[in-house]
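Here's the structure we're looking at; comments come further down.
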Amino acid sequence: MIIIYYVLLFFEILIFARSLLSWFPNIDRSNPTVDAVVRFIYGVTEPVLRPIRDMLPRNSGVDFSPMIVLIIIIVLMQLLRF
């Protein structure tokens, strides 16, 4: 159970990092290390965010899928504590 809790915590941090990356679209990705980190974050989080993003209406310009995934992760982490 504790391993699942820490995996969810790590994924929560990745979702938060991805949200921060969206605020800085002009990040210099010419550095191979930065590019590898950004591609890792997007590669790990996109399979979870995409289905939720597809279910949400597209009429607003704001992507709420990270917030929904974070809420789900927080609920799961709380359930694992008991």
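Lettering and numbering for the structure tokens are positional, with chains as A, B, ... in the shown order, residues counted from 1 in each chain, and ligands counted from 1 in the shown order.
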Query - Polymer residues at most 12 Å from Arg50 (chain A), only C-alpha atoms, same-chain spacing of 2 or more positions, as a VMD selection string - result: chain A and resid 42 to 48 52 to 56 63 to 66 68 to 69
**Report entry** Near-Val75 (chain A) list (12 Å; only C-alpha atoms; drop same-chain fewer than 6 positions) as a list in words
**Finding:** Tyr5, Leu8, Leu9, Glu12, Ile68, Val69, Arg81 and Phe82 of chain A
Requested in this report: Taking the DSSP assignment computed from this structure's backbone, write out as a PyMOL selection string all residues of chain A that belong to helix (DSSP H, G or I).
Outcome: chain A and resi 2-23+32-55+65-81
Query raised in the report: Between CA of Met67 (chain A) and CA of Ala36 (chain A), what is the spacing in Å?
Result: 24.3 Å
Query - Å distance separating CA of Ile74 (chain A) from CA of Arg18 (chain A), one decimal place - result: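 Taking CA of Ile74 (chain A) as the start and CA of Arg18 (chain A) as the end point, the length is 16.9 Å.
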